[in-house]
file run23.cif (mmCIF, C-alpha atoms; chains and numbers go by the auth columns)
data_query
loop_
_atom_site.group_PDB
_atom_site.id
_atom_site.type_symbol
_atom_site.label_atom_id
_atom_site.label_comp_id
_atom_site.label_asym_id
_atom_site.label_seq_id
_atom_site.Cartn_x
_atom_site.Cartn_y
_atom_site.Cartn_z
_atom_site.B_iso_or_equiv
_atom_site.auth_seq_id
_atom_site.auth_asym_id
ATOM 1 C CA MET A 1 -7.101 14.824 7.780 0.00 1 A
ATOM 2 C CA GLU A 2 -3.726 13.557 6.673 0.00 2 A
ATOM 3 C CA ASP A 3 -3.794 9.815 7.353 0.00 3 A
ATOM 4 C CA VAL A 4 -5.962 7.000 8.600 0.00 4 A
ATOM 5 C CA PHE A 5 -3.775 4.299 10.084 0.00 5 A
ATOM 6 C CA ILE A 6 -4.783 1.306 12.144 0.00 6 A
ATOM 7 C CA VAL A 7 -1.798 -0.393 13.777 0.00 7 A
ATOM 8 C CA PRO A 8 -1.449 -3.947 12.456 0.00 8 A
ATOM 9 C CA GLU A 9 -2.300 -5.653 15.744 0.00 9 A
ATOM 10 C CA ARG A 10 -5.642 -3.758 15.868 0.00 10 A
ATOM 11 C CA ARG A 11 -6.675 -4.523 12.275 0.00 11 A
ATOM 12 C CA ARG A 12 -9.481 -6.948 11.492 0.00 12 A
ATOM 13 C CA HIS A 13 -11.460 -5.788 14.524 0.00 13 A
ATOM 14 C CA GLY A 14 -13.878 -3.478 12.694 0.00 14 A
ATOM 15 C CA ILE A 15 -12.152 -0.206 13.611 0.00 15 A
ATOM 16 C CA GLY A 16 -11.637 0.940 10.026 0.00 16 A
ATOM 17 C CA LEU A 17 -15.152 -0.090 9.065 0.00 17 A
ATOM 18 C CA ALA A 18 -16.613 1.804 12.035 0.00 18 A
ATOM 19 C CA PHE A 19 -14.547 4.875 11.148 0.00 19 A
ATOM 20 C CA PHE A 20 -15.626 4.939 7.508 0.00 20 A
ATOM 21 C CA ARG A 21 -19.225 4.104 8.439 0.00 21 A
ATOM 22 C CA ALA A 22 -19.293 7.126 10.787 0.00 22 A
ATOM 23 C CA LEU A 23 -17.859 9.359 8.063 0.00 23 A
ATOM 24 C CA ALA A 24 -20.387 8.047 5.534 0.00 24 A
ATOM 25 C CA LYS A 25 -23.222 8.748 7.974 0.00 25 A
ATOM 26 C CA ARG A 26 -22.023 12.335 8.420 0.00 26 A
ATOM 27 C CA ALA A 27 -21.703 12.763 4.659 0.00 27 A
ATOM 28 C CA VAL A 28 -25.238 11.500 4.016 0.00 28 A
ATOM 29 C CA GLU A 29 -26.713 13.540 6.866 0.00 29 A
ATOM 30 C CA GLY A 30 -24.887 16.615 5.566 0.00 30 A
ATOM 31 C CA GLY A 31 -26.369 16.176 2.102 0.00 31 A
ATOM 32 C CA HIS A 32 -23.056 15.325 0.455 0.00 32 A
ATOM 33 C CA ALA A 33 -23.041 13.192 -2.678 0.00 33 A
ATOM 34 C CA TRP A 34 -19.724 11.408 -2.092 0.00 34 A
ATOM 35 C CA MET A 35 -16.623 10.879 0.003 0.00 35 A
ATOM 36 C CA GLU A 36 -13.221 11.004 -1.585 0.00 36 A
ATOM 37 C CA TRP A 37 -9.703 10.232 -0.368 0.00 37 A
ATOM 38 C CA ASN A 38 -6.302 9.218 -1.651 0.00 38 A
ATOM 39 C CA VAL A 39 -4.380 5.997 -1.212 0.00 39 A
ATOM 40 C CA LEU A 40 -0.882 5.147 -2.373 0.00 40 A
ATOM 41 C CA ASP A 41 -0.966 2.751 -5.319 0.00 41 A
ATOM 42 C CA TRP A 42 1.286 0.227 -3.556 0.00 42 A
ATOM 43 C CA ASN A 43 -0.937 -0.019 -0.460 0.00 43 A
ATOM 44 C CA GLU A 44 -2.745 -3.158 -1.548 0.00 44 A
ATOM 45 C CA PRO A 45 -4.266 -4.017 1.868 0.00 45 A
ATOM 46 C CA ALA A 46 -5.865 -0.573 2.119 0.00 46 A
ATOM 47 C CA ILE A 47 -7.096 -0.702 -1.477 0.00 47 A
ATOM 48 C CA ALA A 48 -8.598 -4.145 -0.835 0.00 48 A
ATOM 49 C CA PHE A 49 -10.404 -2.780 2.243 0.00 49 A
ATOM 50 C CA TYR A 50 -11.733 0.181 0.262 0.00 50 A
ATOM 51 C CA ARG A 51 -13.034 -2.181 -2.445 0.00 51 A
ATOM 52 C CA ARG A 52 -14.752 -4.306 0.223 0.00 52 A
ATOM 53 C CA ILE A 53 -16.663 -1.272 1.508 0.00 53 A
ATOM 54 C CA GLY A 54 -17.706 -0.343 -2.039 0.00 54 A
ATOM 55 C CA ALA A 55 -15.211 2.388 -2.954 0.00 55 A
ATOM 56 C CA VAL A 56 -13.972 2.560 -6.528 0.00 56 A
ATOM 57 C CA GLY A 57 -10.812 4.141 -7.867 0.00 57 A
ATOM 58 C CA ARG A 58 -11.079 7.158 -10.103 0.00 58 A
ATOM 59 C CA VAL A 59 -9.804 6.883 -13.639 0.00 59 A
ATOM 60 C CA GLU A 60 -8.091 9.588 -15.658 0.00 60 A
ATOM 61 C CA TRP A 61 -7.180 11.569 -12.530 0.00 61 A
ATOM 62 C CA THR A 62 -3.828 11.881 -10.758 0.00 62 A
ATOM 63 C CA ASP A 63 -2.933 13.854 -7.667 0.00 63 A
ATOM 64 C CA GLN A 64 -0.787 16.934 -8.160 0.00 64 A
ATOM 65 C CA ARG A 65 1.329 18.688 -5.550 0.00 65 A
ATOM 66 C CA LEU A 66 3.086 22.028 -5.529 0.00 66 A
ATOM 67 C CA SER A 67 5.545 22.589 -2.675 0.00 67 A
ATOM 68 C CA GLY A 68 8.940 23.879 -1.660 0.00 68 A
ATOM 69 C CA ASP A 69 10.819 26.083 -4.092 0.00 69 A
ATOM 70 C CA ALA A 70 8.230 25.600 -6.837 0.00 70 A
ATOM 71 C CA LEU A 71 5.471 26.798 -4.516 0.00 71 A
ATOM 72 C CA LYS A 72 7.532 29.828 -3.460 0.00 72 A
ATOM 73 C CA ALA A 73 8.418 30.607 -7.078 0.00 73 A
ATOM 74 C CA LEU A 74 4.802 30.530 -8.165 0.00 74 A
ATOM 75 C CA ALA A 75 3.806 32.693 -5.202 0.00 75 A
ATOM 76 C CA GLY A 76 6.310 35.195 -6.521 0.00 76 A
#

call {"tool": "encode", "arguments": {"input": "run23.cif", "output": "structure tokens"}}
result
Amino acid sequence: MEDVFIVPERRRHGIGLAFFRALAKRAVEGGHAWMEWNVLDWNEPAIAFYRRIGAVGRVEWTDQRLSGDALKALAG
């Protein structure tokens, strides 16, 4: 999945909570130990929501991306 986005006028109606609750249920039922996702560091409303549902940010880890010419160069 690329993005989870709730349009502003639909926020605060439990949609995001229901979505993450359903994913958590699938994770637990599937025997998975955790869920993990990325959020942009400037997206304070999303980060606040994630903290409210109990998510914590990872420390000492940063996302890395290889694309475009660098990806093609490495592929040789």

call {"tool": "residues_around", "arguments": {"input": "run23.cif", "residues": "segment 63-70 of chain A", "least_positions_apart": "6", "cutoff": "12 Å", "atoms": "all atoms listed in the file", "output": "number ranges by chain"}}
result
A: 37-41, 76

call {"tool": "atom_distance", "arguments": {"input": "run23.cif", "atom1": "atom CA of Arg52 of chain A", "atom2": "atom CA of Gly16 of chain A"}}
result
11.5 Å

call {"tool": "atom_distance", "arguments": {"input": "run23.cif", "atom1": "atom CA of Ala55 of chain A", "atom2": "atom CA of Arg26 of chain A"}}
result
16.6 Å

call {"tool": "atom_distance", "arguments": {"input": "run23.cif", "atom1": "atom CA of Glu2 of chain A", "atom2": "atom CA of Gly57 of chain A"}}
result
18.7 Å

call {"tool": "residues_around", "arguments": {"input": "run23.cif", "residues": "Phe20 of chain A", "least_positions_apart": "3", "cutoff": "12 Å", "atoms": "all atoms listed in the file", "output": "PyMOL selection string"}}
result
chain A and resi 4+14-17+23-27+35-37+49-50+52-55

call {"tool": "axis_aligned_box", "arguments": {"input": "run23.cif", "around": "segment 61-70 of chain A", "padding_each_side": "3 Å", "output": "AutoDock Vina command-line options"}}
result
--center_x 1.8 --center_y 18.8 --center_z -7.1 --size_x 24.0 --size_y 20.5 --size_z 16.9

call {"tool": "closest_residue", "arguments": {"input": "run23.cif", "among": "A:Pro45, A:Trp61, A:Ala75, A:Val56", "to": "Arg12 of chain A", "atoms": "all atoms listed in the file"}}
result
A:Pro45
